[in-house]
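One file, upload-v8.cif, carrying mmCIF, C-alpha atoms:
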data_input
loop_
_atom_site.label_atom_id
_atom_site.label_comp_id
_atom_site.auth_asym_id
_atom_site.auth_seq_id
_atom_site.Cartn_x
_atom_site.Cartn_y
_atom_site.Cartn_z
CA MET A 1 50.62 1.97 -0.50
CA LYS A 2 50.29 -1.67 -1.35
CA LEU A 3 49.55 -2.54 2.23
CA THR A 4 46.87 0.13 2.46
CA GLN A 5 45.20 -1.25 -0.63
CA LEU A 6 45.31 -4.74 0.75
CA VAL A 7 43.66 -3.60 3.93
CA LEU A 8 40.97 -1.75 1.98
CA ILE A 9 40.29 -4.75 -0.21
CA ALA A 10 40.18 -7.02 2.81
CA LEU A 11 37.62 -4.68 4.30
CA ALA A 12 35.62 -4.81 1.10
CA MET A 13 35.77 -8.58 1.19
CA PHE A 14 34.41 -8.48 4.69
CA LEU A 15 31.47 -6.38 3.59
CA PHE A 16 30.66 -8.78 0.82
CA ALA A 17 31.10 -11.85 2.96
CA GLY A 18 28.28 -10.66 5.15
CA CYS A 19 25.76 -11.12 2.39
CA ALA A 20 27.36 -13.91 0.42
CA GLY A 21 25.20 -16.57 1.98
CA ASN A 22 21.98 -15.43 0.37
CA THR A 23 23.29 -14.73 -3.08
CA ILE A 24 20.85 -15.89 -5.70
CA PRO A 25 21.95 -15.40 -9.26
CA ASP A 26 19.27 -13.40 -11.00
CA PRO A 27 18.79 -13.98 -14.71
CA ASP A 28 17.98 -10.30 -15.03
CA ALA A 29 20.89 -9.18 -12.97
CA ASP A 30 23.70 -9.60 -15.45
CA GLY A 31 23.93 -7.11 -18.24
CA GLY A 32 26.16 -9.62 -19.95
CA THR A 33 29.24 -7.44 -20.08
CA MET A 34 31.21 -8.59 -17.09
CA ALA A 35 34.42 -10.17 -18.25
CA ASP A 36 34.76 -12.51 -15.29
CA GLY A 37 32.38 -14.85 -13.61
CA GLY A 38 30.59 -14.07 -10.43
CA PHE A 39 32.08 -13.78 -7.00
CA ASP A 40 31.04 -15.54 -3.88
CA SER A 41 32.42 -16.22 -0.45
CA ALA A 42 34.37 -19.31 -1.59
CA ASP A 43 36.29 -17.08 -3.95
CA THR A 44 37.55 -14.78 -1.27
CA ASP A 45 41.24 -15.53 -1.58
CA GLY A 46 41.17 -15.90 -5.32
CA MET A 47 41.05 -12.21 -5.99
CA ASP A 48 44.72 -11.76 -6.73
CA SER A 49 44.97 -14.69 -9.07
CA ASP A 50 42.19 -13.53 -11.30
CA GLY A 51 44.00 -10.28 -11.82
CA MET A 52 41.19 -8.14 -10.60
CA GLY A 53 42.57 -7.11 -7.28
CA PHE A 54 44.31 -3.82 -7.81
CA GLY A 55 43.33 -0.57 -9.33
CA GLU A 56 46.46 0.10 -11.33
CA GLU A 57 45.63 -2.71 -13.72
CA PHE A 58 42.71 -0.79 -15.14
CA ASP A 59 43.02 2.04 -17.52
CA GLY A 60 39.93 4.11 -16.74
CA THR A 61 38.31 5.12 -19.98
CA ASN A 62 39.37 2.16 -22.08
CA ASP A 63 37.32 -0.12 -19.90
CA MET A 64 34.25 2.00 -19.88
CA ASP A 65 32.37 0.33 -22.69
CA GLU A 66 32.86 -3.10 -21.20
CA LEU A 67 31.63 -2.30 -17.73
CA THR A 68 28.17 -3.12 -16.55
CA MET A 69 26.46 0.02 -15.35
CA ILE A 70 23.53 -1.45 -13.43
CA ILE A 71 23.54 -3.15 -10.03
CA TYR A 72 20.43 -5.11 -9.02
CA PHE A 73 19.05 -5.71 -5.52
CA ASP A 74 16.80 -8.15 -3.70
CA PHE A 75 13.35 -7.21 -2.44
CA ASP A 76 13.41 -4.55 0.28
CA GLN A 77 17.20 -4.93 0.45
CA SER A 78 20.07 -2.55 -0.07
CA THR A 79 22.78 -5.16 0.54
CA LEU A 80 25.17 -5.57 -2.38
CA ARG A 81 25.14 -9.03 -3.88
CA ALA A 82 28.56 -10.65 -3.84
CA GLU A 83 28.51 -11.09 -7.60
CA TYR A 84 29.11 -7.35 -8.02
CA SER A 85 32.45 -7.31 -6.22
CA ASP A 86 34.62 -7.39 -9.36
CA LEU A 87 32.47 -4.90 -11.16
CA LEU A 88 32.52 -2.36 -8.37
CA GLN A 89 36.28 -2.73 -8.01
CA ARG A 90 36.61 -1.80 -11.65
CA HIS A 91 34.45 1.25 -11.24
CA ALA A 92 36.39 2.25 -8.13
CA ALA A 93 39.60 1.84 -10.11
CA ASN A 94 38.26 4.16 -12.78
CA LEU A 95 37.70 6.77 -10.12
CA SER A 96 41.03 6.38 -8.37
CA ASN A 97 42.95 6.31 -11.67
CA ASP A 98 41.35 9.46 -12.96
CA GLY A 99 40.74 12.09 -10.30
CA ARG A 100 38.58 14.06 -12.73
CA ALA A 101 36.16 11.19 -13.28
CA GLN A 102 32.73 11.85 -11.83
CA ILE A 103 29.87 9.45 -11.41
CA ARG A 104 26.27 9.74 -10.35
CA LEU A 105 24.61 6.79 -8.66
CA GLU A 106 20.89 6.64 -9.34
CA GLY A 107 18.98 4.44 -6.92
CA HIS A 108 15.62 2.89 -7.80
CA ALA A 109 12.95 0.72 -6.18
CA ASP A 110 10.14 -1.43 -7.51
CA GLU A 111 6.64 -0.03 -7.49
CA ARG A 112 5.30 -1.87 -4.46
CA GLY A 113 4.72 -0.13 -1.16
CA SER A 114 4.75 3.55 -0.37
CA ARG A 115 6.38 6.03 -2.72
CA GLU A 116 8.38 8.03 -0.20
CA TYR A 117 9.67 4.94 1.56
CA ASN A 118 10.76 3.71 -1.86
CA ILE A 119 12.70 6.95 -2.32
CA GLY A 120 14.45 5.99 0.91
CA LEU A 121 15.18 2.49 -0.36
CA GLY A 122 16.59 3.81 -3.64
CA GLU A 123 18.79 6.24 -1.74
CA ARG A 124 20.09 3.56 0.57
CA ARG A 125 20.91 1.39 -2.43
CA SER A 126 22.88 4.16 -4.08
CA GLN A 127 24.63 4.84 -0.75
CA ALA A 128 25.57 1.17 -0.45
CA VAL A 129 27.31 1.41 -3.83
CA ARG A 130 28.88 4.74 -2.87
CA SER A 131 30.28 3.36 0.38
CA LEU A 132 31.92 0.48 -1.40
CA LEU A 133 33.40 2.70 -4.12
CA LEU A 134 34.83 4.98 -1.42
CA ILE A 135 36.39 2.06 0.42
CA GLN A 136 37.95 0.88 -2.82
CA GLY A 137 39.57 4.14 -3.78
CA GLY A 138 36.97 6.60 -5.03
CA SER A 139 36.90 9.96 -3.31
CA PRO A 140 33.74 11.61 -1.96
CA GLY A 141 33.91 14.52 -4.40
CA GLN A 142 33.72 12.13 -7.37
CA ILE A 143 30.48 10.42 -6.41
CA SER A 144 27.02 11.91 -6.14
CA THR A 145 23.82 10.04 -5.42
CA VAL A 146 20.17 10.50 -6.23
CA SER A 147 17.15 8.32 -5.62
CA PHE A 148 14.20 8.15 -7.97
CA GLY A 149 12.34 5.64 -5.83
CA GLU A 150 9.72 3.91 -7.94
CA GLU A 151 9.24 6.87 -10.29
CA ARG A 152 11.49 5.82 -13.17
CA PRO A 153 11.07 2.09 -13.72
CA ALA A 154 13.23 0.24 -16.24
CA ALA A 155 10.50 -2.37 -16.81
CA PHE A 156 6.82 -1.56 -16.69
CA GLY A 157 5.22 -4.88 -15.81
CA SER A 158 3.67 -5.69 -12.45
CA ASP A 159 5.43 -9.01 -11.99
CA GLU A 160 8.52 -10.28 -10.23
CA SER A 161 10.63 -10.12 -13.38
CA SER A 162 9.88 -6.43 -13.81
CA TYR A 163 10.27 -5.73 -10.11
CA GLY A 164 13.71 -7.36 -10.17
CA GLN A 165 14.80 -5.16 -13.07
CA ASN A 166 13.58 -2.05 -11.27
CA ARG A 167 15.35 -2.61 -7.94
CA ARG A 168 18.65 -1.20 -9.11
CA VAL A 169 21.37 1.40 -9.00
CA GLU A 170 22.46 2.87 -12.31
CA ILE A 171 26.03 4.09 -12.54
CA LYS A 172 26.32 7.17 -14.76
CA TYR A 173 29.66 8.69 -15.69
CA ASP A 174 29.56 12.41 -16.33
CA ASN A 175 30.76 13.70 -19.69
CA GLN A 176 31.11 10.29 -21.24
CA MET B 1 8.68 17.62 -5.29
CA PRO B 2 9.94 17.58 -8.86
CA PHE B 3 13.29 16.09 -9.83
CA GLU B 4 14.63 19.20 -11.54
CA ASP B 5 18.20 18.77 -12.80
CA ASN B 6 18.07 15.28 -11.28
CA VAL B 7 17.82 16.72 -7.78
CA ALA B 8 14.74 16.35 -5.63
CA THR B 9 13.59 19.81 -4.63
CA ILE B 10 10.62 20.98 -2.56
CA PHE B 11 8.54 23.89 -3.77
CA VAL B 12 5.50 25.60 -2.32
CA GLN B 13 3.03 26.55 -5.01
CA THR B 14 0.26 29.01 -4.24
CA LEU B 15 -2.93 27.61 -5.74
CA ARG B 16 -4.59 30.89 -6.58
CA SER B 17 -1.61 32.58 -8.21
CA GLY B 18 0.40 29.60 -9.35
CA ASN B 19 3.51 31.23 -7.91
CA ARG B 20 6.14 28.78 -6.90
CA ILE B 21 8.78 29.28 -4.21
CA LYS B 22 11.76 26.99 -3.83
CA LEU B 23 11.80 25.94 -0.20
CA SER B 24 14.38 23.22 0.06
CA SER B 25 17.04 22.03 -2.35
CA ARG B 26 19.70 20.79 0.00
CA PRO B 27 22.19 18.12 -1.04
CA GLY B 28 20.71 14.64 -1.23
CA ILE B 29 17.08 13.80 -0.74
CA ASN B 30 14.57 16.60 -0.15
CA GLY B 31 11.30 14.76 0.17
CA ALA B 32 7.99 13.93 1.77
CA PRO B 33 6.93 17.48 2.64
CA ALA B 34 3.80 18.02 4.74
CA PHE B 35 2.35 21.29 6.05
CA SER B 36 1.72 21.78 9.75
CA PRO B 37 -1.95 22.39 10.63
CA ASP B 38 -1.30 26.15 10.94
CA GLY B 39 0.58 26.16 7.62
CA ARG B 40 3.67 27.82 9.11
CA LYS B 41 5.94 24.83 9.10
CA LEU B 42 6.73 21.80 7.01
CA VAL B 43 7.84 18.43 8.17
CA LEU B 44 10.16 16.98 5.54
CA THR B 45 12.76 14.32 4.89
CA LEU B 46 16.35 15.29 4.23
CA GLY B 47 19.07 12.85 3.28
CA GLY B 48 22.20 14.96 3.14
CA ILE B 49 25.35 13.88 1.40
CA ASP B 50 25.57 10.56 3.22
CA GLY B 51 21.99 9.67 2.36
CA ASN B 52 20.82 9.02 5.91
CA LEU B 53 17.17 9.97 5.67
CA ASP B 54 15.88 11.77 8.74
CA ILE B 55 12.89 13.86 9.72
CA TYR B 56 13.26 17.64 9.93
CA ILE B 57 10.93 20.56 10.56
CA LEU B 58 11.33 23.62 8.39
CA ASP B 59 10.02 27.00 9.55
CA ARG B 60 8.71 28.74 6.44
CA ALA B 61 9.30 32.26 7.78
CA THR B 62 12.88 31.80 8.95
CA ARG B 63 13.86 28.98 6.54
CA GLN B 64 15.55 27.30 9.48
CA VAL B 65 15.42 23.53 9.78
CA LYS B 66 15.37 21.55 12.99
CA ARG B 67 16.39 17.90 12.97
CA LEU B 68 13.99 15.57 14.77
CA THR B 69 15.50 12.12 14.17
CA THR B 70 19.10 10.95 13.94
CA ASN B 71 18.72 7.20 13.46
CA ARG B 72 20.73 5.55 10.69
CA SER B 73 17.59 3.90 9.36
CA ILE B 74 15.24 5.29 6.73
CA ASP B 75 13.12 7.85 8.56
CA THR B 76 10.59 9.44 6.21
CA GLU B 77 6.93 10.24 5.50
CA GLY B 78 6.49 12.61 8.43
CA THR B 79 2.95 13.87 9.00
CA TRP B 80 1.39 16.14 11.62
CA ALA B 81 -1.17 15.27 14.22
CA PRO B 82 -4.06 17.76 13.99
CA ASP B 83 -2.92 19.51 17.19
CA GLY B 84 0.41 20.36 15.56
CA GLN B 85 2.32 18.90 18.52
CA THR B 86 3.19 15.41 17.30
CA ILE B 87 4.83 14.04 14.15
CA TYR B 88 4.05 10.53 12.94
CA PHE B 89 6.57 9.00 10.53
CA THR B 90 7.78 5.78 8.90
CA SER B 91 11.06 4.25 10.04
CA ASP B 92 12.71 0.91 9.34
CA ARG B 93 14.86 1.11 12.49
CA SER B 94 13.32 -2.17 13.67
CA GLY B 95 14.30 -3.95 10.43
CA GLY B 96 11.23 -3.19 8.33
CA PRO B 97 9.04 -0.13 7.94
CA GLN B 98 6.86 0.68 10.97
CA ILE B 99 5.21 3.86 12.17
CA TYR B 100 6.56 5.94 15.04
CA LYS B 101 5.61 9.21 16.66
CA ILE B 102 7.76 11.97 18.09
CA SER B 103 7.08 15.35 19.64
CA ALA B 104 7.38 18.21 17.13
CA ASN B 105 9.77 19.75 19.68
CA GLY B 106 12.07 16.72 19.57
CA GLY B 107 12.74 13.89 21.98
CA SER B 108 12.60 10.14 21.66
CA PRO B 109 10.30 8.45 19.14
CA THR B 110 7.71 5.91 20.26
CA ARG B 111 6.70 2.97 18.07
CA VAL B 112 3.02 3.04 17.09
CA THR B 113 2.46 -0.01 14.85
CA PHE B 114 3.28 -3.59 15.76
CA GLU B 115 1.07 -5.74 13.54
CA GLY B 116 2.77 -7.22 10.47
CA SER B 117 6.12 -6.57 8.77
CA TYR B 118 5.24 -3.47 6.77
CA ASN B 119 3.34 -0.40 7.95
CA ALA B 120 4.13 2.86 6.18
CA ARG B 121 2.87 6.21 4.96
CA PRO B 122 0.87 7.37 8.03
CA ARG B 123 -1.91 9.96 7.84
CA LEU B 124 -3.90 11.12 10.87
CA SER B 125 -7.65 11.54 10.77
CA PRO B 126 -8.65 15.19 11.28
CA ASP B 127 -10.25 14.24 14.63
CA GLY B 128 -6.89 12.78 15.69
CA GLY B 129 -8.35 9.41 16.66
CA LYS B 130 -7.24 7.22 13.78
CA LEU B 131 -4.15 6.60 11.72
CA ALA B 132 -4.42 5.58 8.06
CA LEU B 133 -1.47 3.62 6.69
CA VAL B 134 -0.27 1.18 4.04
CA HIS B 135 -0.09 -2.33 5.48
CA LEU B 136 1.41 -5.44 3.89
CA ASP B 137 -1.33 -8.02 4.29
CA ARG B 138 -0.29 -11.51 3.14
CA GLY B 139 1.53 -10.21 0.08
CA ASN B 140 -0.91 -7.41 -0.64
CA TYR B 141 -0.27 -3.74 0.05
CA ARG B 142 -3.52 -2.48 1.53
CA VAL B 143 -4.94 0.56 3.24
CA GLY B 144 -5.46 0.05 6.95
CA VAL B 145 -6.77 2.25 9.73
CA LEU B 146 -5.31 1.98 13.21
CA ASP B 147 -7.57 3.06 16.05
CA LEU B 148 -5.19 5.02 18.26
CA SER B 149 -7.29 4.52 21.38
CA ASP B 150 -7.51 0.72 21.35
CA GLY B 151 -4.72 -0.16 18.91
CA GLU B 152 -6.97 -2.16 16.62
CA LEU B 153 -5.95 -2.31 12.95
CA LEU B 154 -8.72 -2.56 10.38
CA ILE B 155 -7.85 -3.39 6.75
CA LEU B 156 -10.11 -1.32 4.50
CA SER B 157 -9.04 -2.07 0.93
CA ALA B 158 -8.92 -5.26 -1.10
CA GLY B 159 -6.36 -4.65 -3.86
CA ASN B 160 -2.73 -5.69 -3.95
CA GLN B 161 -1.11 -2.30 -4.48
CA ASP B 162 -3.28 0.16 -2.59
CA GLU B 163 -1.59 3.31 -1.33
CA SER B 164 -1.77 6.98 -0.36
CA PRO B 165 -4.81 6.99 1.95
CA SER B 166 -6.22 10.43 2.83
CA PHE B 167 -9.03 11.11 5.31
CA ALA B 168 -12.08 13.20 4.45
CA PRO B 169 -12.39 16.32 6.65
CA ASN B 170 -15.09 14.60 8.76
CA SER B 171 -12.76 11.63 9.50
CA ASP B 172 -15.51 9.18 8.44
CA SER B 173 -14.17 8.13 5.05
CA LEU B 174 -10.94 7.90 3.12
CA ILE B 175 -9.77 8.12 -0.45
CA TYR B 176 -6.82 6.10 -1.71
CA ALA B 177 -5.12 4.96 -4.89
CA THR B 178 -5.41 1.42 -6.21
CA ARG B 179 -4.61 -0.37 -9.46
CA ASP B 180 -6.88 -1.44 -12.25
CA GLY B 181 -4.61 -3.48 -14.48
CA SER B 182 -1.69 -1.20 -15.15
CA GLU B 183 -3.69 1.94 -14.45
CA GLY B 184 -3.96 3.85 -11.20
CA VAL B 185 -7.54 4.59 -10.09
CA LEU B 186 -9.14 6.00 -6.95
CA GLU B 187 -11.40 4.35 -4.41
CA MET B 188 -13.31 5.71 -1.43
CA VAL B 189 -14.04 3.70 1.67
CA SER B 190 -15.82 4.41 4.93
CA ALA B 191 -13.52 4.38 7.96
CA ASP B 192 -15.43 1.36 9.32
CA GLY B 193 -14.79 -0.52 6.06
CA LEU B 194 -18.47 -1.20 5.38
CA TYR B 195 -18.80 0.88 2.25
CA ARG B 196 -16.34 1.00 -0.63
CA GLN B 197 -16.64 2.51 -4.06
CA ARG B 198 -14.41 3.07 -7.07
CA LEU B 199 -14.46 6.54 -8.57
CA ALA B 200 -15.22 6.74 -12.26
CA SER B 201 -12.15 7.60 -14.30
CA ARG B 202 -11.69 8.72 -17.87
CA GLY B 203 -8.39 6.95 -18.05
CA GLY B 204 -4.84 7.93 -17.33
CA ASP B 205 -2.76 6.99 -14.34
CA ILE B 206 -4.11 8.57 -11.14
CA ARG B 207 -2.12 8.54 -7.91
CA GLU B 208 -1.68 10.24 -4.54
CA PRO B 209 -5.15 11.65 -3.90
CA VAL B 210 -5.51 14.16 -1.08
CA TRP B 211 -8.75 15.42 0.38
CA SER B 212 -8.86 19.22 0.47
CA PRO B 213 -9.51 20.67 3.94
CA PHE B 214 -12.61 22.54 5.03
CA PRO B 215 -12.25 26.08 3.68
CA ARG B 216 -10.95 28.57 6.23
CA TYR B 217 -13.10 31.66 5.76
#
Starting from the file, give its structure as structure tokens.
Amino acid sequence: MKLTQLVLIALAMFLFAGCAGNTIPDPDADGGTMADGGFDSADTDGMDSDGMGFGEEFDGTNDMDELTMIIYFDFDQSTLRAEYSDLLQRHAANLSNDGRAQIRLEGHADERGSREYNIGLGERRSQAVRSLLLIQGGSPGQISTVSFGEERPAAFGSDESSYGQNRRVEIKYDNQ
Amino acid sequence: MPFEDNVATIFVQTLRSGNRIKLSSRPGINGAPAFSPDGRKLVLTLGGIDGNLDIYILDRATRQVKRLTTNRSIDTEGTWAPDGQTIYFTSDRSGGPQIYKISANGGSPTRVTFEGSYNARPRLSPDGGKLALVHLDRGNYRVGVLDLSDGELLILSAGNQDESPSFAPNSDSLIYATRDGSEGVLEMVSADGLYRQRLASRGGDIREPVWSPFPRY
């Protein structure tokens, strides 16, 4: 069991490492509730020591209020920024610790470009989060996705700050 | 394509009666529906559970769907050529959105646009000779028209978030949505780009204009 988890986490690391080079901390990106600092490629082998590595350390519902529920993305990108590694591990742990837990991933895009293509972008963003949660212990039946494209913005301005807040996936737990 | 119960669903609404029939509410995305010229079929985008958006054709009589594309990229915004034989669509299989065409019977897609990093949301002119699209032009999203015979792309609009071009039935002019401050407004432009006019608006956010076809009596 332990070995399987290690392999899965190593795989997750690999996915993150691919995009670690272009990580730009976004002032809008942090909801301010993550307990730990960010994560980047230099931190790859520090996962165990910071106590975040394994699902059994999290007790599903107790953590809920502390967890950030929004993941932000770069322009025209659906690659997960490395800084969300810890956060997504926690959400995955919630799912694997409680088989009844259900989440919906709502993907969004900023308002620029064509509406239907933006639906596609939002969907791919929510699928990127879904894939990672599955790798880290969630099961397919626990995770549903929807894309609202540019139709439900979080910020209404037509400027980069608003766009950055709108390119996101919102994690919604059912019945909580 | 309302998001009822947080699921995108495609309906067909009869204009005269207002009756509404649910046509597609499969898992995942159900989007970008467009009628075939004879009205019997729809091209649409389905995402399925794994969210891989692909182009499908739905036969309205049998409710059967036929998958046209299988690429892992975003394939969406399918639209019919006036002869009903070819589907034009947006795909980011090359890395960014570009326009491709594929036979309505299936086969391999052919890339249609090559200029710039962003060409999306194709619409054919009723005479079949031109393709209207949204083109990223030095940071501005603008309406362009691609001449399908010589491949020349003409940028017709001058805003920075122009979208949803639709040809008039005579193929000589287009209507599209643009922004005035935070408000969506409509503009018309001749297909040669020489004449452009904003339509008067009484306010409110206006988007996605479509020119109605010639009546079929």
Counting all atoms listed in the file, which residues from chain A have an atom at most 10 Å from any atom of chain B, and could you show them as a PDB file with C-alpha atoms, in the coordinates of the input?
ATOM      1  CA  ASP A  76      13.410  -4.550   0.280  1.00  0.00           C
ATOM      2  CA  ARG A 104      26.270   9.740 -10.350  1.00  0.00           C
ATOM      3  CA  GLU A 106      20.890   6.640  -9.340  1.00  0.00           C
ATOM      4  CA  GLU A 111       6.640  -0.030  -7.490  1.00  0.00           C
ATOM      5  CA  ARG A 112       5.300  -1.870  -4.460  1.00  0.00           C
ATOM      6  CA  GLY A 113       4.720  -0.130  -1.160  1.00  0.00           C
ATOM      7  CA  SER A 114       4.750   3.550  -0.370  1.00  0.00           C
ATOM      8  CA  ARG A 115       6.380   6.030  -2.720  1.00  0.00           C
ATOM      9  CA  GLU A 116       8.380   8.030  -0.200  1.00  0.00           C
ATOM     10  CA  TYR A 117       9.670   4.940   1.560  1.00  0.00           C
ATOM     11  CA  ASN A 118      10.760   3.710  -1.860  1.00  0.00           C
ATOM     12  CA  ILE A 119      12.700   6.950  -2.320  1.00  0.00           C
ATOM     13  CA  GLY A 120      14.450   5.990   0.910  1.00  0.00           C
ATOM     14  CA  LEU A 121      15.180   2.490  -0.360  1.00  0.00           C
ATOM     15  CA  GLY A 122      16.590   3.810  -3.640  1.00  0.00           C
ATOM     16  CA  GLU A 123      18.790   6.240  -1.740  1.00  0.00           C
ATOM     17  CA  ARG A 124      20.090   3.560   0.570  1.00  0.00           C
ATOM     18  CA  ARG A 125      20.910   1.390  -2.430  1.00  0.00           C
ATOM     19  CA  SER A 126      22.880   4.160  -4.080  1.00  0.00           C
ATOM     20  CA  GLN A 127      24.630   4.840  -0.750  1.00  0.00           C
ATOM     21  CA  ALA A 128      25.570   1.170  -0.450  1.00  0.00           C
ATOM     22  CA  ARG A 130      28.880   4.740  -2.870  1.00  0.00           C
ATOM     23  CA  SER A 131      30.280   3.360   0.380  1.00  0.00           C
ATOM     24  CA  PRO A 140      33.740  11.610  -1.960  1.00  0.00           C
ATOM     25  CA  ILE A 143      30.480  10.420  -6.410  1.00  0.00           C
ATOM     26  CA  SER A 144      27.020  11.910  -6.140  1.00  0.00           C
ATOM     27  CA  THR A 145      23.820  10.040  -5.420  1.00  0.00           C
ATOM     28  CA  VAL A 146      20.170  10.500  -6.230  1.00  0.00           C
ATOM     29  CA  SER A 147      17.150   8.320  -5.620  1.00  0.00           C
ATOM     30  CA  PHE A 148      14.200   8.150  -7.970  1.00  0.00           C
ATOM     31  CA  PHE A 156       6.820  -1.560 -16.690  1.00  0.00           C
ATOM     32  CA  GLY A 157       5.220  -4.880 -15.810  1.00  0.00           C
ATOM     33  CA  SER A 158       3.670  -5.690 -12.450  1.00  0.00           C
TER      34      SER A 158
END
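The smallest atom-to-atom distance between B:Leu156 and any of B:Arg138, B:Arg40, B:Arg196, B:Arg72, using only C-alpha atoms, is found for B:Arg196.
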Atom CA of A:Arg167 to atom CA of A:Asp110, straight-line distance in Å |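 Computed distance, atom CA of A:Asp110 to atom CA of A:Arg167, equals 5.4 Å.
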Expressed in Å, the length from atom CA of B:Gln85 to atom CA of B:Val43 is 11.7 Å
| field | Between atom CA of B:Ser36 and atom CA of B:Glu115, distance in Å (one decimal) | value |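 Here the two named atoms are 27.8 Å from each other.
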Convert the output of the PyMOL selection byres ((chain B and resi 124) around 10) on the shown file into explicit residues, formatted as a list in words.
Thr79, Trp80, Ala81, Pro82, Ile87, Tyr88, Pro122, Arg123, Ser125, Pro126, Asp127, Gly128, Gly129, Lys130, Leu131, Ala132, Leu133, Val145, Leu146, Leu148, Pro165, Ser166, Phe167 and Ser171 of chain B
* **Expansion of the PyMOL selection byres ((chain B and resi 203) around 9) into residues, as a ChimeraX atom specification** => /B:183-185,200-202,204-206
